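Student: Next comes target_32.csv, CSV, C-alpha atoms:
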```
chain,number,residue,atom,x,y,z
A,150,ARG,CA,0.0,0.0,0.0
A,151,ALA,CA,2.8,2.4,0.9
A,152,ASP,CA,4.4,1.7,-2.5
A,153,ASN,CA,1.2,2.3,-4.3
A,154,ALA,CA,0.7,5.6,-2.4
A,155,SER,CA,4.2,6.7,-3.3
A,156,LYS,CA,3.7,5.9,-7.0
A,157,GLU,CA,0.4,7.8,-7.0
A,158,GLU,CA,2.1,10.8,-5.3
A,159,GLN,CA,4.9,10.7,-8.0
A,160,SER,CA,2.3,10.6,-10.8
A,161,ASN,CA,0.5,13.6,-9.3
A,162,ASN,CA,3.7,15.5,-9.0
A,163,ILE,CA,4.6,14.8,-12.6
A,164,LEU,CA,1.1,15.8,-13.8
A,165,LEU,CA,1.4,19.1,-11.8
A,166,ASP,CA,4.8,19.8,-13.4
A,167,LEU,CA,3.4,19.0,-16.9
A,168,ARG,CA,0.5,21.4,-16.4
A,169,ARG,CA,2.9,24.1,-15.1
A,170,ILE,CA,5.4,23.7,-18.0
A,171,THR,CA,2.8,23.4,-20.7
A,172,GLN,CA,0.7,26.2,-19.2
A,173,ASN,CA,-2.5,24.0,-19.4
A,174,GLY,CA,-5.3,24.2,-17.0
A,175,GLU,CA,-5.7,22.3,-13.7
A,176,ASP,CA,-8.1,19.8,-15.3
A,177,TRP,CA,-5.8,18.9,-18.2
A,178,ILE,CA,-4.9,15.2,-18.2
A,179,PRO,CA,-2.8,14.0,-21.3
A,180,LYS,CA,-4.1,10.9,-22.9
A,181,SER,CA,-0.9,9.8,-24.6
A,182,ALA,CA,2.9,10.5,-24.9
A,183,ASN,CA,2.2,12.1,-28.3
A,184,GLU,CA,-0.1,14.7,-26.6
A,185,ILE,CA,2.6,15.5,-24.1
A,186,ALA,CA,5.2,15.8,-26.9
A,187,TYR,CA,2.8,18.2,-28.8
A,188,HIS,CA,2.9,20.6,-25.9
A,189,LEU,CA,6.6,20.2,-24.9
A,190,ILE,CA,8.6,19.6,-28.1
A,191,HIS,CA,8.8,21.9,-31.1
A,192,THR,CA,10.6,20.8,-34.2
A,193,CYS,CA,11.4,22.4,-37.5
A,194,THR,CA,12.5,21.0,-40.9
A,195,MET,CA,14.5,23.8,-42.5
A,196,SER,CA,15.1,22.4,-45.9
A,197,THR,CA,17.0,23.7,-49.0
A,198,GLU,CA,17.2,22.7,-52.6
A,199,ASN,CA,20.2,20.5,-51.6
A,200,ASN,CA,18.2,18.3,-49.3
A,201,ALA,CA,17.1,15.0,-50.7
A,202,PRO,CA,13.4,14.1,-50.8
A,203,ALA,CA,14.1,11.1,-48.5
A,204,THR,CA,15.6,13.4,-45.8
A,205,LYS,CA,12.6,15.7,-45.8
A,206,ARG,CA,10.2,12.8,-45.7
A,207,LEU,CA,12.0,11.2,-42.8
A,208,ALA,CA,12.2,14.4,-40.8
A,209,ASP,CA,8.4,15.0,-41.1
A,210,GLU,CA,7.6,11.3,-40.5
A,211,ILE,CA,9.6,11.2,-37.2
A,212,ALA,CA,8.0,14.5,-36.0
A,213,ARG,CA,4.6,12.9,-36.7
A,214,GLN,CA,5.5,9.7,-34.8
A,215,VAL,CA,6.8,11.6,-31.8
A,216,GLY,CA,3.9,14.0,-31.9
A,217,SER,CA,5.8,17.2,-31.7
A,218,TYR,CA,4.5,20.6,-32.8
A,219,HIS,CA,6.1,20.7,-36.2
A,220,GLU,CA,6.9,23.2,-38.9
A,221,HIS,CA,8.4,22.4,-42.3
A,222,PHE,CA,9.6,25.3,-44.5
A,223,ALA,CA,12.3,26.0,-47.1
A,224,ILE,CA,15.1,28.5,-46.3
A,225,ASP,CA,16.3,29.0,-49.8
A,226,SER,CA,15.0,32.5,-50.0
A,227,VAL,CA,16.9,33.4,-46.8
A,228,VAL,CA,20.1,31.9,-48.2
A,229,SER,CA,19.5,33.8,-51.5
A,230,GLY,CA,19.0,37.1,-49.5
A,231,ILE,CA,22.3,36.7,-47.8
A,232,LEU,CA,24.1,36.0,-51.1
A,233,THR,CA,22.4,39.0,-52.7
A,234,LEU,CA,23.6,41.2,-49.8
A,235,PHE,CA,27.2,39.9,-50.2
A,236,THR,CA,27.0,40.5,-54.0
A,237,HIS,CA,25.8,44.0,-53.4
A,238,VAL,CA,28.6,44.8,-51.0
A,239,THR,CA,31.5,43.1,-52.9
A,240,GLY,CA,30.4,42.8,-56.5
A,241,ARG,CA,31.2,39.1,-56.4
A,242,ARG,CA,28.9,36.1,-56.0
A,243,PRO,CA,30.4,32.8,-54.7
A,244,GLN,CA,29.7,29.5,-56.5
A,245,PHE,CA,29.8,25.8,-55.6
A,246,CYS,CA,32.8,23.8,-57.0
A,247,SER,CA,30.3,21.9,-59.2
A,248,LYS,CA,29.4,25.3,-60.9
A,249,GLY,CA,33.0,26.5,-61.4
A,250,GLY,CA,33.7,28.0,-57.9
A,251,THR,CA,36.7,27.4,-55.7
A,252,GLN,CA,36.9,25.3,-52.5
A,253,THR,CA,36.7,28.5,-50.5
A,254,GLU,CA,33.5,29.6,-52.2
A,255,ASP,CA,32.0,26.1,-51.9
A,256,LEU,CA,32.7,25.9,-48.1
A,257,SER,CA,31.3,29.4,-47.5
A,258,LEU,CA,28.0,28.4,-49.3
A,259,GLN,CA,27.7,25.3,-47.2
A,260,ASN,CA,28.4,27.2,-44.0
A,261,VAL,CA,25.9,30.0,-44.6
A,262,GLN,CA,23.1,27.3,-44.8
A,263,SER,CA,24.2,25.8,-41.6
A,264,ARG,CA,24.5,29.0,-39.7
A,265,LEU,CA,21.2,30.3,-40.9
A,266,ARG,CA,19.5,27.2,-39.4
A,267,MET,CA,20.9,28.1,-36.0
A,268,VAL,CA,19.6,31.7,-36.3
A,269,ILE,CA,16.2,30.6,-37.4
A,270,ALA,CA,16.1,27.9,-34.6
A,271,TYR,CA,16.6,30.6,-32.0
A,272,MET,CA,14.0,32.8,-33.5
A,273,MET,CA,11.5,30.0,-33.4
A,274,ALA,CA,12.5,29.1,-29.8
A,275,GLN,CA,11.7,32.7,-28.8
A,276,LEU,CA,8.5,33.2,-30.8
A,277,LEU,CA,6.7,29.9,-31.1
A,278,PRO,CA,5.4,30.1,-27.5
A,279,TRP,CA,4.0,33.5,-28.5
A,280,VAL,CA,2.5,32.1,-31.7
A,281,ARG,CA,0.8,29.4,-29.6
A,282,GLY,CA,-0.5,32.0,-27.0
A,283,ARG,CA,1.9,31.0,-24.3
A,284,LYS,CA,4.5,32.8,-22.1
A,285,GLY,CA,8.2,32.2,-22.0
A,286,TRP,CA,10.6,30.7,-24.5
A,287,LEU,CA,12.1,27.4,-25.5
A,288,LEU,CA,15.5,25.7,-25.1
A,289,VAL,CA,17.3,24.9,-28.4
A,290,LEU,CA,18.5,21.3,-28.6
A,291,SER,CA,21.6,21.1,-30.8
A,292,THR,CA,22.9,18.1,-32.8
A,293,GLY,CA,26.3,16.7,-33.5
A,294,ASN,CA,27.9,13.7,-31.8
A,295,VAL,CA,31.2,13.3,-30.0
A,296,ASP,CA,33.0,11.9,-33.1
A,297,GLU,CA,32.1,14.8,-35.3
A,298,ALA,CA,33.3,17.2,-32.6
A,299,LEU,CA,36.6,15.3,-32.2
A,300,ARG,CA,37.2,15.5,-36.0
A,301,GLY,CA,35.9,19.1,-36.2
A,302,TYR,CA,33.4,18.0,-38.8
A,303,LEU,CA,31.0,20.8,-37.9
A,304,THR,CA,30.5,24.5,-38.6
A,305,LYS,CA,30.9,26.9,-35.7
A,306,TYR,CA,27.4,28.3,-34.8
A,307,ASP,CA,25.5,25.8,-36.9
A,308,CYS,CA,23.0,23.2,-35.7
A,309,SER,CA,25.7,21.9,-33.4
A,310,SER,CA,25.2,25.1,-31.4
A,311,GLY,CA,22.3,25.4,-28.9
A,312,ASP,CA,21.4,25.4,-25.2
A,313,LEU,CA,21.8,21.6,-24.7
A,314,ASN,CA,23.0,18.8,-26.9
A,315,PRO,CA,21.4,15.5,-26.0
A,316,ILE,CA,23.7,13.5,-28.2
A,317,GLY,CA,26.8,15.6,-27.9
A,318,ALA,CA,28.9,13.0,-25.9
A,319,ILE,CA,27.6,9.9,-27.7
A,320,SER,CA,29.7,8.2,-30.4
A,321,LYS,CA,28.2,7.7,-33.9
A,322,THR,CA,28.3,3.9,-33.5
A,323,ASP,CA,26.4,4.0,-30.2
A,324,LEU,CA,23.9,6.5,-31.6
A,325,ARG,CA,23.1,4.2,-34.5
A,326,GLN,CA,22.5,1.4,-32.1
A,327,PHE,CA,20.3,3.5,-30.0
A,328,LEU,CA,18.2,4.6,-33.0
A,329,VAL,CA,17.6,1.0,-33.9
A,330,TRP,CA,16.6,0.2,-30.3
A,331,GLY,CA,14.3,3.2,-30.2
A,332,SER,CA,12.7,2.0,-33.5
A,333,ASN,CA,12.0,-1.4,-32.1
A,334,HIS,CA,11.0,-0.5,-28.5
A,335,LEU,CA,9.7,3.1,-28.4
A,336,GLY,CA,7.3,3.0,-31.3
A,337,TYR,CA,9.2,5.3,-33.7
A,338,PRO,CA,9.8,2.9,-36.7
A,339,SER,CA,11.3,5.6,-38.9
A,340,LEU,CA,14.4,5.8,-36.6
A,341,LYS,CA,15.6,2.5,-38.1
A,342,GLU,CA,15.5,4.1,-41.5
A,343,VAL,CA,17.5,7.0,-40.2
A,344,ALA,CA,20.1,4.6,-38.7
A,345,ALA,CA,20.5,2.8,-42.0
A,346,ALA,CA,20.8,6.0,-44.1
A,347,LYS,CA,24.2,7.2,-45.3
A,348,PRO,CA,25.4,10.1,-43.1
A,349,THR,CA,25.3,13.3,-45.2
A,350,ALA,CA,25.4,17.0,-44.6
A,351,GLU,CA,23.4,17.8,-47.8
A,352,LEU,CA,24.8,21.3,-48.1
A,353,ARG,CA,26.0,21.3,-51.7
A,354,PRO,CA,24.2,20.4,-55.0
A,355,SER,CA,24.2,16.6,-55.5
A,356,GLY,CA,23.2,16.4,-59.1
A,357,ASP,CA,21.1,13.3,-59.6
A,358,MET,CA,18.7,12.6,-56.7
A,359,SER,CA,16.6,10.1,-58.7
A,360,ASN,CA,17.0,7.6,-55.8
A,361,GLY,CA,15.8,10.2,-53.3
A,362,THR,CA,19.2,10.5,-51.5
A,363,SER,CA,22.2,12.9,-51.7
A,364,SER,CA,25.5,11.9,-53.1
A,365,GLN,CA,27.4,14.0,-50.5
A,366,CYS,CA,28.9,11.6,-47.9
A,367,ASP,CA,30.2,12.5,-44.4
A,368,GLU,CA,32.8,9.8,-44.2
A,369,GLU,CA,34.2,10.6,-47.7
A,370,GLU,CA,34.5,14.3,-46.7
A,371,MET,CA,36.1,13.5,-43.4
A,372,GLY,CA,38.6,11.1,-44.9
A,373,MET,CA,37.9,8.4,-42.3
A,374,THR,CA,35.1,6.2,-41.1
A,375,TYR,CA,33.2,6.8,-37.9
A,376,GLU,CA,34.6,3.5,-36.5
A,377,GLU,CA,38.2,4.8,-37.2
A,378,LEU,CA,37.3,8.1,-35.6
A,379,SER,CA,36.2,6.4,-32.4
A,380,THR,CA,39.5,4.6,-32.2
A,381,PHE,CA,41.4,7.8,-32.8
A,382,GLY,CA,39.4,9.5,-30.0
A,383,ARG,CA,40.1,6.9,-27.4
A,384,LEU,CA,43.8,6.8,-28.2
A,385,ARG,CA,44.0,10.6,-28.1
A,386,LYS,CA,42.0,11.3,-25.0
A,387,LEU,CA,42.3,8.2,-22.8
A,388,CYS,CA,45.7,7.0,-23.8
A,389,ARG,CA,47.1,10.5,-24.3
A,390,CYS,CA,48.6,9.5,-27.6
A,391,GLY,CA,50.4,12.0,-29.9
A,392,PRO,CA,51.0,11.2,-33.6
A,393,VAL,CA,54.0,8.8,-33.0
A,394,ALA,CA,52.4,6.8,-30.1
A,395,MET,CA,49.1,6.5,-32.0
A,396,PHE,CA,50.9,5.2,-35.1
A,397,GLU,CA,52.8,2.6,-33.1
A,398,VAL,CA,49.6,1.3,-31.5
A,399,LEU,CA,47.6,1.3,-34.7
A,400,LEU,CA,50.5,-0.4,-36.6
A,401,ARG,CA,49.8,-3.5,-34.5
A,402,GLU,CA,46.0,-3.0,-34.2
A,403,TRP,CA,45.5,-2.6,-37.9
A,404,ARG,CA,48.0,-5.2,-39.0
A,405,GLY,CA,46.6,-7.1,-42.0
A,406,ILE,CA,44.2,-4.2,-42.7
A,407,TYR,CA,46.5,-1.3,-43.6
A,408,ASN,CA,50.2,-1.3,-44.4
A,409,PRO,CA,52.5,1.1,-42.4
A,410,LEU,CA,52.3,3.9,-44.9
A,411,GLU,CA,48.5,3.8,-44.9
A,412,VAL,CA,48.4,3.8,-41.1
A,413,SER,CA,50.8,6.8,-41.1
A,414,ARG,CA,48.6,8.7,-43.6
A,415,LYS,CA,45.5,8.1,-41.6
A,416,VAL,CA,47.2,9.2,-38.3
A,417,LYS,CA,48.6,12.3,-40.0
A,418,HIS,CA,45.2,13.2,-41.5
A,419,PHE,CA,43.5,12.9,-38.1
A,420,PHE,CA,46.0,15.1,-36.3
A,421,ARG,CA,46.0,17.7,-39.0
A,422,CYS,CA,42.2,17.9,-38.7
A,423,TYR,CA,42.4,17.8,-34.9
A,424,ALA,CA,44.8,20.7,-34.9
A,425,LEU,CA,42.8,22.7,-37.4
A,426,ASN,CA,39.5,22.3,-35.7
A,427,ARG,CA,40.4,22.1,-32.0
A,428,HIS,CA,39.4,25.8,-31.6
A,429,LYS,CA,35.7,24.8,-32.2
A,430,MET,CA,35.6,23.1,-28.9
A,431,SER,CA,35.8,26.4,-27.1
A,432,THR,CA,32.2,27.0,-28.2
A,433,ILE,CA,30.8,23.5,-28.1
A,434,THR,CA,27.3,23.1,-26.6
A,435,PRO,CA,27.0,21.5,-23.1
A,436,ALA,CA,26.1,17.8,-23.2
A,437,CYS,CA,25.8,14.9,-20.7
A,438,HIS,CA,29.2,13.1,-20.9
A,439,ALA,CA,28.4,9.6,-22.0
A,440,GLU,CA,31.7,8.9,-23.7
A,441,ASP,CA,35.2,8.9,-22.2
A,442,TYR,CA,36.9,10.6,-25.1
A,443,SER,CA,34.7,13.7,-25.3
A,444,PRO,CA,36.7,16.6,-26.7
A,445,ASP,CA,34.6,19.2,-24.9
A,446,ASP,CA,37.0,22.0,-24.1
A,447,ASN,CA,35.1,23.9,-21.4
A,448,ARG,CA,34.0,21.0,-19.2
A,449,TYR,CA,35.9,17.9,-20.0
A,450,ASP,CA,39.0,18.1,-22.1
A,451,LEU,CA,41.2,21.0,-20.9
A,452,ARG,CA,44.0,20.7,-23.5
A,453,GLN,CA,45.1,23.7,-25.6
A,454,ILE,CA,42.9,24.8,-28.5
A,455,LEU,CA,45.8,25.9,-30.8
A,456,TYR,CA,48.3,23.5,-32.3
A,457,ARG,CA,50.8,23.6,-35.2
A,458,VAL,CA,48.9,21.9,-38.0
A,459,SER,CA,52.1,20.6,-39.5
A,460,TRP,CA,53.3,18.7,-36.4
A,461,PRO,CA,56.8,18.9,-37.8
A,462,TRP,CA,58.8,17.0,-35.1
A,463,GLN,CA,56.1,14.3,-34.6
A,464,PHE,CA,55.5,13.7,-38.3
A,465,ALA,CA,59.2,13.5,-39.0
A,466,ILE,CA,59.6,10.7,-36.4
A,467,LEU,CA,56.5,9.1,-37.7
A,468,ASP,CA,58.1,8.9,-41.2
A,469,GLN,CA,61.1,7.2,-39.7
A,470,ARG,CA,58.9,4.7,-38.0
A,471,VAL,CA,57.1,3.9,-41.3
A,472,LYS,CA,60.5,3.1,-42.9
A,473,GLN,CA,61.4,0.9,-40.0
A,474,ALA,CA,58.1,-0.9,-40.0
A,475,GLN,CA,58.2,-1.5,-43.8
A,476,SER,CA,61.7,-2.9,-43.5
A,477,CYS,CA,60.7,-5.2,-40.7
A,478,ARG,CA,57.7,-6.5,-42.6
A,479,ASN,CA,59.8,-7.0,-45.7
A,480,ASN,CA,62.0,-9.3,-43.5
A,481,GLU,CA,58.9,-10.8,-42.0
A,482,GLN,CA,59.7,-9.5,-38.6
A,483,HIS,CA,57.5,-7.8,-36.1
A,484,PRO,CA,58.6,-4.2,-35.5
A,485,PRO,CA,58.8,-2.9,-31.9
A,486,THR,CA,55.7,-1.1,-31.0
A,487,ASN,CA,54.1,0.7,-28.1
A,488,SER,CA,52.5,-1.7,-25.6
A,489,LEU,CA,49.2,0.2,-25.5
A,490,ASN,CA,46.1,-1.0,-27.3
A,491,THR,CA,42.6,0.4,-27.7
A,492,SER,CA,41.0,-2.0,-25.2
A,493,GLN,CA,43.3,-0.6,-22.5
A,494,CYS,CA,42.0,2.9,-23.4
A,495,GLY,CA,38.4,2.1,-23.0
A,496,GLY,CA,37.9,0.7,-26.6
```
If you convert what's in this file into structure tokens, what do you get?

Tutor:
Amino acid sequence: RADNASKEEQSNNILLDLRRITQNGEDWIPKSANEIAYHLIHTCTMSTENNAPATKRLADEIARQVGSYHEHFAIDSVVSGILTLFTHVTGRRPQFCSKGGTQTEDLSLQNVQSRLRMVIAYMMAQLLPWVRGRKGWLLVLSTGNVDEALRGYLTKYDCSSGDLNPIGAISKTDLRQFLVWGSNHLGYPSLKEVAAAKPTAELRPSGDMSNGTSSQCDEEEMGMTYEELSTFGRLRKLCRCGPVAMFEVLLREWRGIYNPLEVSRKVKHFFRCYALNRHKMSTITPACHAEDYSPDDNRYDLRQILYRVSWPWQFAILDQRVKQAQSCRNNEQHPPTNSLNTSQCGG
């Protein structure tokens, strides 16, 4: 009886909190999780001409399954307005690489789409309660997982920026597994389709979209897979590996998968990207730390944010190690390597 009374008290407290937060009357009793979501969660699909039809459909379908208050609108006119302003000021108009532009122009056109989404998200967070006849404002939930933050595969002040990031310290691999679990157990079947979809930013023209998807691919642009990125993250953060130590560990871990030169190139590419993008961590959105190798600068990873991108001393030693390893393999010998492995680093 005591347990039943306690549960009833908890239920009443939850109901009182829901009425207070949603600003509904004292007689309001939600009939489903979808009804609660409709009052608590606000979602927006901010599409452009670069988004594939499958992406737009999935976004709207998930919002419907969750039950959120949802808006879907195109932001191409806003993007065009920014570019018109830039052209008016400078007399130049940037183009995507596919239309004859440079890499600098292409990247700027991708970034302006990303950053406009953040600006619009905050405007919606402030004004949607007013639109719905309510007081107050909303918190903006940002996106971007721990692997993308580690690699720097995000734009400063884009959708990775917000008030809280629910998935900010979760690896891409774990996130995919969670989506599949949620599809099977939470009643959101479209999540399984999201987990199976190819990760893509969809920020540049993709040409043929006859199959409903974009040709832009995150892993191709990053130059590494998400699985490799998780390995780099654990070695960098948990094992405190620099370029040379990481190479020596991976030379053994990836034996039979990559030759020494390929391992060296992957390690160098990771550390160049790490050095170039580490400054982004100074503005990363707060997240619940669910992964040991979170690169969050303000709350978790207190290493410097500025590095020499060339890593001259480390990369020179790494090149020597490659020659030694290749020589040993030619003689069918095992080269001396660091005793660390990814399992010792939480992998």

Student: What does the distance between atom CA of A:Arg213 and atom CA of A:Trp286 come to in Å, to one decimal place?

Tutor: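 Rounded to one decimal, the two atoms are 22.4 Å apart.
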
Student: Using only C-alpha atoms, determine which residues lie at most 10 Å from stretch 431-434 of chain A, disregarding the query and same-chain residues fewer than 6 positions distant; provide the list as JSON, numbers by chain.

Tutor: {"A": [290, 291, 292, 293, 298, 305, 306, 309, 310, 311, 312, 313, 314, 315, 317, 444, 445, 446, 447, 448, 451, 453, 454]}

Student: Using only C-alpha atoms, which of A:Leu328, A:Leu384, A:Trp403, A:Glu158 sits nearest A:Glu342?

Tutor: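 Distance minimum relative to A:Glu342 lands on A:Leu328.
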
Student: A:Met395: which residues within 8 Å, counting all atoms listed in the file, same-chain residues fewer than 3 positions away excluded, as a PyMOL selection string?

Tutor: chain A and resi 381+384-385+390-392+398-399+416

Student: Taking 5 positions as the minimum chain separation for residues in the same chain, which residues sit within 9 Å of A:Lys341 when counting only C-alpha atoms? Answer as a VMD selection string.

Tutor: chain A and resid 325 328 to 333 346

Student: I'd like the neighbourhood of stretch 250-259 of chain A as a list in words, where a residue qualifies if any of its atoms comes within 10 Å (using all atoms listed in the file), though same-chain residues fewer than 2 positions away should be ignored.

Tutor: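 Those residues are Asn199, Val228, Leu232, Arg242, Pro243, Gln244, Phe245, Cys246, Ser247, Lys248, Val261, Gln262, Ser263, Arg264, Thr304, Ala350, Glu351, Leu352, Arg353 and Pro354 of chain A.
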
Student: Can you measure atom CA of A:Leu340 to atom CA of A:Asn294 for me? One decimal in Å is fine.

Tutor: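 Computing the Euclidean distance for atom CA of A:Leu340 and atom CA of A:Asn294 yields 16.4 Å.
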
Student: Go ahead and compute the interatomic distance for atom CA of A:Val393 and atom CA of A:Arg470, in Å to one decimal.

Tutor: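 Computing it gives 8.1 Å between the two atoms.
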
Student: Fewer than 2 positions away in the same chain doesn't count, so skip those; otherwise give me all residues within 8 Å of A:Ala424, counting all atoms listed in the file, as a tab-separated table (two decimals) with C-alpha atoms, in the frame of the given file.

Tutor:
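The file below, result02.tsv, is the result:
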```
chain	number	residue	atom	x	y	z
A	420	PHE	CA	46.00	15.10	-36.30
A	421	ARG	CA	46.00	17.70	-39.00
A	422	CYS	CA	42.20	17.90	-38.70
A	426	ASN	CA	39.50	22.30	-35.70
A	427	ARG	CA	40.40	22.10	-32.00
A	454	ILE	CA	42.90	24.80	-28.50
A	455	LEU	CA	45.80	25.90	-30.80
A	456	TYR	CA	48.30	23.50	-32.30
A	457	ARG	CA	50.80	23.60	-35.20
A	458	VAL	CA	48.90	21.90	-38.00
```

Student: Taking into account only C-alpha atoms, which residue in the set A:Phe396, A:His334, A:Pro202, A:His418 is nearest to A:Met373?

Tutor: A:His418

Student: Between A:Thr236, A:Asn408, A:Ser443, A:Gln326, which is the closest to A:Ala474 once you count all atoms listed in the file?

Tutor: A:Asn408

Student: From the set A:Ile319, A:Met195, A:Cys308, A:Ile190, which residue has the shortest atom-to-atom contact distance to A:Ala212, counting all atoms listed in the file?

Tutor: A:Ile190

Student: Which polymer residues, whether protein, DNA or RNA, lie within 8 Å of the coordinate (13.1, 21.9, -24.6) when you count all atoms listed in the file? List them as number ranges by chain, using the chain letters and numbers from the file.

Tutor: A: 189-191, 287-290

Student: Of the residues A:Gln214, A:Glu369, A:Ile269, A:Phe235, which is the one nearest to A:Pro338, using only C-alpha atoms?

Tutor: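 The shortest atom-to-atom distance to A:Pro338 comes from A:Gln214.
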
Student: With distances taken over only C-alpha atoms, which residue among A:Ala394, A:Val215, A:Ala436, A:Cys477 lies nearest A:Leu335?

Tutor: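 Residue with the minimum atom-to-atom distance to A:Leu335: A:Val215.
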